[in-house]
Amino acid sequence: MERGCVDLMGRQQRFSAFAAECWQAVPLSLRTEERSQARSFAEAFATYGQLSVARRQSLVRRCRQWLHDWQRSRQPSSPVAPPRLRLSPDSCQAPRRGSGRLQLDTPLAEMPGVGPKTAARLAALGLLLARDLLHYYPRDYLDYAHLVRISALEPGRTATIVASVRRCHAFNSPRNPNLSILELHLQDCTGRLRVSRFFAGKRFASPGWLKGQQRLYPPGADVAVSGLVKDSPYGPCFQDPLIEVLEDPRALVRSEQIGRMVPVYGLTEGLGADRLRQIVAGVLGLASAQPDPLPLAIRQHHALMERSGALVAIHRPTDAAQLQAARRRLVFDEFLLLQLALCRRRQEFRSRIAPVLQSPAGGTTDGTTGTASPTPTPTLVERFLDLLPFPLTGAQQRVLSEIRRDLARPQPMARLVQGDVGSGKTVVALAALLIAVEAGCQGVLMAPTEVLAEQHVAKIGAWLPQLHVSSALLTGSTPAARRRELLQDLINGQLQVLVGTHALLEDPVQFQRLGLVVVDEQHRFGVRQRNRLLAKGLQPHLLTMTATPIPRTLALSLHGDLDVSQIDELPPGRQPIRTRCLRASQRHEVHALIREQVAAGQRAYVVLPLVEESEKIDLLSAVAVHRQLQEEVFPDLQVGLLHGRLGSDDKQRVLTAFANGDCQVLVSTTVVEVGVDVPEASVMVIEHAERFGLAQLHQLRGRVGRGSAASQCLLIHDGNSALARQRLEVLVGSSDGFAIAEMDLQLRGPGAVLGTRQSGLPDLALASLTDDGSVLELARDVAQALIAADPNLEHHRGLAEALAEQRQRQLEAARLN
């Protein structure tokens, strides 16, 4: 090139001839376009001697560039290491406490830099004291700590790059004179990128301000840029980037956000994200104001961070690993306090003296001599089991044996019986009540709804009179005269088994000698309600039941103070239920199936989420559908209507008509979710199925399949949500209530699974019952070990104080509610 690209003569031929031969002899393995380019170069070198010096130089440059590019394309590209940033250490550590006046209990209005207006806005978020800010955990993070090169930018991710400024241009938008644009052209060793920032307002439109911006980013300057990467017609770009000029690539980054994990908090009107981050940063120095309540040995054994460090790191993590470690420690603390409270509740309950409820295991003893009677008399339970038209399943026998052992001890039983729909929990509960009656005590069964309570009485009424055991029903609808008579029989001991709803909790309800409390569908009741019923006896035993399968993590959180038994076997002869998911346009198929099943002597449920039409929600209602089915679809059939607004007598009349076959189709709300038992019902239609939880749908499905006929459950939905469809397909593919409940917990969370945020549900600020099961198990083990070694936590004052504070907050919240 330096000699003007002359056509030198070699030993055998000139340079141009040699080059032309080489380009003509390219291998066949080259792609078509590569061979075409080689032929073009060969033809050019054939006329090389006739070309001007400039054209020769251009040809040689093009050949060298093409060969360089071709060689690079044939070599595997080695990844370019991401940039390195040196973050200012002051930005990653807790700020100093300044004047020293700031305390954990300092009202935010008195905090430096927080005025009355800002304090009022913080109060709208429930933040009143400095300690509240410390525990106001971020709901998400912007991961600007993700450092990459320009070529590795991915649209949709947050990232940080370090690059050099090639040129900078600041100008007014040609379309909007009040919009100014700063445009940087950046370059690193892997590529180039254009970064733009927009400034709205007249004060940014002056020529002086624009010139000042250009001077901030001179060509050759190194800059760090963070933000969300998005796609554009020109390739990846940053949306609203953060930019900082570096003295050199190894200089400290002073920014509070660039290159870091930036916390994202829940906000309220008038309070910006940067302002709230600044206020929270002002209290992080208080993280070490209290000693760590967890002993050092436990922290070291389970690899847990120190609490003060975790509180700082959850707000200002240096990287994802530190964030995960901080979150694990704080989640552990939440679960530990929860499990300690449950362990102490269990310990306090078990320390009481309960009546020993024990019936002879086949035969009686002579009360005077203590010798066995020559003609053993069957116990109440044995006589009851003989009345049943079916034997108990192995699971029922196992659970009943566990209950017998508990009742035979002087410590009060506290047991939860879980069983899928139709597993026979009521039979086991009634056997337990008969044990209490035979021991000279009374028993009570509390149900969440009048329909369920009435169903229990109907079942009990078929058996107890044959055993000469008295029973009665008490609900809010019980007439005053009957109520007075019932309460009198209860207090003088003539009434042995009482079934009722929340009306049982009222003060006039008193027992002569209450020995056993059975709570059905216990997740519908709070802990305080349960304890209020237990307080009506000296110290009765407690048996709770649920047909709503509760995932293990939820059971440990809500019922860690209870022993758990599971009836995991269905009675023989139960027919599998075929479940299908249909669109609203297929409703004619549903009507045809109902008519077919009714003609075969079966009955059908149609369940809806609303009683009456709503202006706010575009859903079918029970009243409207009942009218349509009765008048238009099935005018020759009897269509009943059942919902919670009906009186007790009307509900019972509708259920009786449906059970007797006088009514063939029952339109209802979820009042039929539990307890309703009609063996002839073989079709369950659920309108707007996407509006229900999976566990609730499983409960409704369990209302059919109780007889000998094959049964079907039809889920009708008309939405376009792929997630809703996915949820319903879980029900279509599974009949395992516990697997369905686990999926429901993951998809909707614990509050929705239980149907209400009742008082027993823990108030967790950071922990997730769906994601942190392993930490919950660990916290439970640690709590049990601590209570076993130190029942009153006398040697763990920090934990005892934390428990007391938590209890006080719960009491205050209960008063507010």
# chains A, B, ... in the order shown; residues from 1 in each chain; ligands from 1
$ residues_around --residues "stretch 457-467 of chain A" --least-positions-apart "4" --cutoff "10 Å" --atoms "only C-alpha atoms" --output "list in words"
Leu380, Val381, Arg383, Phe384, Leu385, Leu387, Leu388, Thr426, Val427, Leu430, Leu434, Leu445, Val451, Leu452, Ala453, Ser471, Ala472, Leu473, Val497, Leu498, Val499, Gly500 and Asp677 of chain A
$ write_last_selection --atoms "N, CA, C and O atoms" --output "tab-separated table (two decimals), in the first residue's frame"
chain	number	residue	atom	x	y	z
A	380	LEU	N	-72.08	-47.31	73.17
A	380	LEU	CA	-72.85	-46.48	72.24
A	380	LEU	C	-72.22	-46.45	70.86
A	380	LEU	O	-72.93	-46.51	69.84
A	381	VAL	N	-70.91	-46.37	70.82
A	381	VAL	CA	-70.23	-46.30	69.52
A	381	VAL	C	-70.43	-47.60	68.77
A	381	VAL	O	-70.71	-47.61	67.56
A	383	ARG	N	-72.90	-49.72	69.08
A	383	ARG	CA	-74.29	-49.78	68.63
A	383	ARG	C	-74.52	-48.84	67.45
A	383	ARG	O	-75.27	-49.16	66.51
A	384	PHE	N	-73.87	-47.70	67.47
A	384	PHE	CA	-73.99	-46.75	66.36
A	384	PHE	C	-73.41	-47.35	65.07
A	384	PHE	O	-74.03	-47.29	64.00
A	385	LEU	N	-72.24	-47.95	65.19
A	385	LEU	CA	-71.61	-48.54	64.00
A	385	LEU	C	-72.44	-49.69	63.44
A	385	LEU	O	-72.44	-49.93	62.22
A	387	LEU	N	-75.62	-49.68	63.36
A	387	LEU	CA	-76.74	-49.08	62.64
A	387	LEU	C	-76.38	-48.66	61.22
A	387	LEU	O	-77.26	-48.54	60.36
A	388	LEU	N	-75.08	-48.44	60.99
A	388	LEU	CA	-74.66	-47.94	59.68
A	388	LEU	C	-74.85	-49.01	58.61
A	388	LEU	O	-74.56	-50.18	58.85
A	426	THR	N	-68.17	-36.89	59.01
A	426	THR	CA	-69.30	-36.69	59.93
A	426	THR	C	-69.54	-37.94	60.77
A	426	THR	O	-69.84	-37.83	61.98
A	427	VAL	N	-69.40	-39.10	60.19
A	427	VAL	CA	-69.58	-40.35	60.93
A	427	VAL	C	-68.56	-40.46	62.05
A	427	VAL	O	-68.88	-40.83	63.19
A	430	LEU	N	-69.47	-37.97	64.83
A	430	LEU	CA	-70.60	-38.43	65.62
A	430	LEU	C	-70.18	-39.53	66.58
A	430	LEU	O	-70.64	-39.57	67.74
A	434	LEU	N	-70.55	-39.48	70.67
A	434	LEU	CA	-71.17	-40.55	71.45
A	434	LEU	C	-70.24	-41.03	72.57
A	434	LEU	O	-70.71	-41.42	73.65
A	445	LEU	N	-71.73	-29.53	68.18
A	445	LEU	CA	-71.21	-29.51	66.81
A	445	LEU	C	-71.57	-28.18	66.19
A	445	LEU	O	-72.76	-27.86	66.03
A	451	VAL	N	-77.68	-24.20	56.47
A	451	VAL	CA	-77.91	-25.36	55.59
A	451	VAL	C	-77.09	-26.55	56.05
A	451	VAL	O	-77.59	-27.68	56.15
A	452	LEU	N	-75.81	-26.31	56.35
A	452	LEU	CA	-74.94	-27.42	56.79
A	452	LEU	C	-75.38	-27.93	58.16
A	452	LEU	O	-75.40	-29.14	58.40
A	453	ALA	N	-75.73	-27.02	59.06
A	453	ALA	CA	-76.19	-27.45	60.39
A	453	ALA	C	-77.46	-28.29	60.27
A	453	ALA	O	-77.61	-29.32	60.95
A	471	SER	N	-80.92	-34.83	70.96
A	471	SER	CA	-80.18	-33.84	70.17
A	471	SER	C	-81.13	-32.73	69.77
A	471	SER	O	-82.35	-32.89	69.80
A	472	ALA	N	-80.57	-31.59	69.36
A	472	ALA	CA	-81.38	-30.44	68.94
A	472	ALA	C	-80.55	-29.54	68.05
A	472	ALA	O	-79.32	-29.66	67.97
A	473	LEU	N	-81.25	-28.59	67.40
A	473	LEU	CA	-80.62	-27.63	66.48
A	473	LEU	C	-80.84	-26.22	67.00
A	473	LEU	O	-81.96	-25.84	67.36
A	497	VAL	N	-76.63	-33.68	72.86
A	497	VAL	CA	-75.87	-33.25	71.68
A	497	VAL	C	-76.59	-32.05	71.07
A	497	VAL	O	-77.77	-32.12	70.75
A	498	LEU	N	-75.87	-30.95	70.92
A	498	LEU	CA	-76.43	-29.74	70.34
A	498	LEU	C	-75.68	-29.41	69.05
A	498	LEU	O	-74.45	-29.37	69.02
A	499	VAL	N	-76.43	-29.18	67.98
A	499	VAL	CA	-75.87	-28.78	66.69
A	499	VAL	C	-76.31	-27.35	66.43
A	499	VAL	O	-77.47	-26.99	66.70
A	500	GLY	N	-75.41	-26.52	65.92
A	500	GLY	CA	-75.80	-25.14	65.67
A	500	GLY	C	-74.81	-24.38	64.83
A	500	GLY	O	-73.80	-24.93	64.34
A	677	ASP	N	-76.30	-33.45	50.83
A	677	ASP	CA	-76.05	-34.83	50.43
A	677	ASP	C	-77.31	-35.42	49.81
A	677	ASP	O	-78.23	-35.82	50.51
$ select_by_dssp --residues "stretch 305-512 of chain A" --states "strand (DSSP E)" --output "list of chain:residue names"
A:Ala414, A:Arg415, A:Leu416, A:Val417, A:Gln418, A:Gly419, A:Gln442, A:Gly443, A:Val444, A:Leu445, A:Met446, A:Ser471, A:Ala472, A:Leu473, A:Leu474, A:Val497, A:Leu498, A:Val499, A:Gly500
$ write_last_selection --atoms "N, CA and C atoms" --output "compact mmCIF listing (two decimals), in the first residue's frame"
# COMPACT_ATOMS: atom_id res chain seq x y z
N ALA A 414 -56.76 -31.65 70.92
CA ALA A 414 -56.84 -30.56 69.94
C ALA A 414 -56.45 -31.17 68.61
N ARG A 415 -57.42 -31.65 67.87
CA ARG A 415 -57.14 -32.43 66.66
C ARG A 415 -57.95 -31.89 65.48
N LEU A 416 -57.28 -31.84 64.34
CA LEU A 416 -57.91 -31.46 63.08
C LEU A 416 -58.03 -32.70 62.20
N VAL A 417 -59.23 -32.98 61.74
CA VAL A 417 -59.47 -34.10 60.83
C VAL A 417 -59.70 -33.52 59.44
N GLN A 418 -58.79 -33.85 58.54
CA GLN A 418 -58.93 -33.43 57.14
C GLN A 418 -59.41 -34.63 56.33
N GLY A 419 -60.33 -34.39 55.45
CA GLY A 419 -60.81 -35.46 54.59
C GLY A 419 -61.44 -34.89 53.36
N GLN A 442 -71.69 -33.67 77.67
CA GLN A 442 -72.44 -33.19 76.51
C GLN A 442 -71.48 -32.88 75.37
N GLY A 443 -72.02 -32.91 74.17
CA GLY A 443 -71.22 -32.58 72.99
C GLY A 443 -71.91 -31.53 72.16
N VAL A 444 -71.11 -30.73 71.44
CA VAL A 444 -71.66 -29.68 70.59
C VAL A 444 -70.96 -29.73 69.24
N LEU A 445 -71.73 -29.53 68.18
CA LEU A 445 -71.21 -29.51 66.81
C LEU A 445 -71.57 -28.18 66.19
N MET A 446 -70.57 -27.37 65.84
CA MET A 446 -70.81 -26.05 65.26
C MET A 446 -70.46 -26.07 63.78
N SER A 471 -80.92 -34.83 70.96
CA SER A 471 -80.18 -33.84 70.17
C SER A 471 -81.13 -32.73 69.77
N ALA A 472 -80.57 -31.59 69.36
CA ALA A 472 -81.38 -30.44 68.94
C ALA A 472 -80.55 -29.54 68.05
N LEU A 473 -81.25 -28.59 67.40
CA LEU A 473 -80.62 -27.63 66.48
C LEU A 473 -80.84 -26.22 67.00
N LEU A 474 -79.77 -25.42 67.03
CA LEU A 474 -79.86 -24.02 67.44
C LEU A 474 -79.20 -23.14 66.38
N VAL A 497 -76.63 -33.68 72.86
CA VAL A 497 -75.87 -33.25 71.68
C VAL A 497 -76.59 -32.05 71.07
N LEU A 498 -75.87 -30.95 70.92
CA LEU A 498 -76.43 -29.74 70.34
C LEU A 498 -75.68 -29.41 69.05
N VAL A 499 -76.43 -29.18 67.98
CA VAL A 499 -75.87 -28.78 66.69
C VAL A 499 -76.31 -27.35 66.43
N GLY A 500 -75.41 -26.52 65.92
CA GLY A 500 -75.80 -25.14 65.67
C GLY A 500 -74.81 -24.38 64.83
$ closest_residue --among "A:Ala123, A:Leu694, A:Ile279, A:Ala354" --to "A:His541" --atoms "only C-alpha atoms"
A:Ala354
$ residues_around --residues "A:His717" --least-positions-apart "4" --cutoff "12 Å" --atoms "only C-alpha atoms" --output "number ranges by chain"
A: 580-587, 608, 619-620, 685-692, 721-722, 724-729
$ closest_residue --among "A:Leu723, A:Leu129, A:Leu134, A:Ala408" --to "A:Thr106" --atoms "only C-alpha atoms"
A:Leu129
$ select_by_dssp --residues "stretch 555-746 of chain A" --states "alpha helix (DSSP H)" --output "PyMOL selection string"
chain A and resi 555-559+587-599+622-628+648-660+694-701+722-733+737-746
$ atom_distance --atom1 "atom CA of A:Ala19" --atom2 "atom CA of A:Arg64"
12.0 Å
$ residues_around --residues "A:Tyr137" --least-positions-apart "6" --cutoff "8 Å" --atoms "only C-alpha atoms" --output "compact mmCIF listing (two decimals) with N, CA, C and O atoms, in the first residue's frame"
# COMPACT_ATOMS: atom_id res chain seq x y z
N TYR A 265 -40.94 0.51 46.05
CA TYR A 265 -41.89 0.46 47.16
C TYR A 265 -43.30 0.76 46.67
O TYR A 265 -43.50 1.41 45.64
N ILE A 314 -32.13 -5.70 52.76
CA ILE A 314 -33.41 -5.87 52.07
C ILE A 314 -33.82 -4.57 51.38
O ILE A 314 -34.54 -4.59 50.36
N HIS A 315 -33.34 -3.42 51.91
CA HIS A 315 -33.63 -2.13 51.30
C HIS A 315 -32.56 -1.71 50.30
O HIS A 315 -32.88 -1.03 49.32
N ALA A 765 -45.58 -9.88 56.36
CA ALA A 765 -45.20 -8.73 55.55
C ALA A 765 -44.32 -9.13 54.38
O ALA A 765 -44.36 -8.51 53.32
N LEU A 766 -43.51 -10.17 54.54
CA LEU A 766 -42.52 -10.53 53.53
C LEU A 766 -42.64 -11.99 53.12
O LEU A 766 -42.46 -12.33 51.95
$ closest_residue --among "A:Leu304, A:Val53, A:Cys343, A:Val671" --to "A:Pro448" --atoms "only C-alpha atoms"
A:Val671
$ residues_around --residues "A:Arg197" --least-positions-apart "4" --cutoff "10 Å" --atoms "only C-alpha atoms" --output "ChimeraX atom specification"
/A:170,180-184,238-243
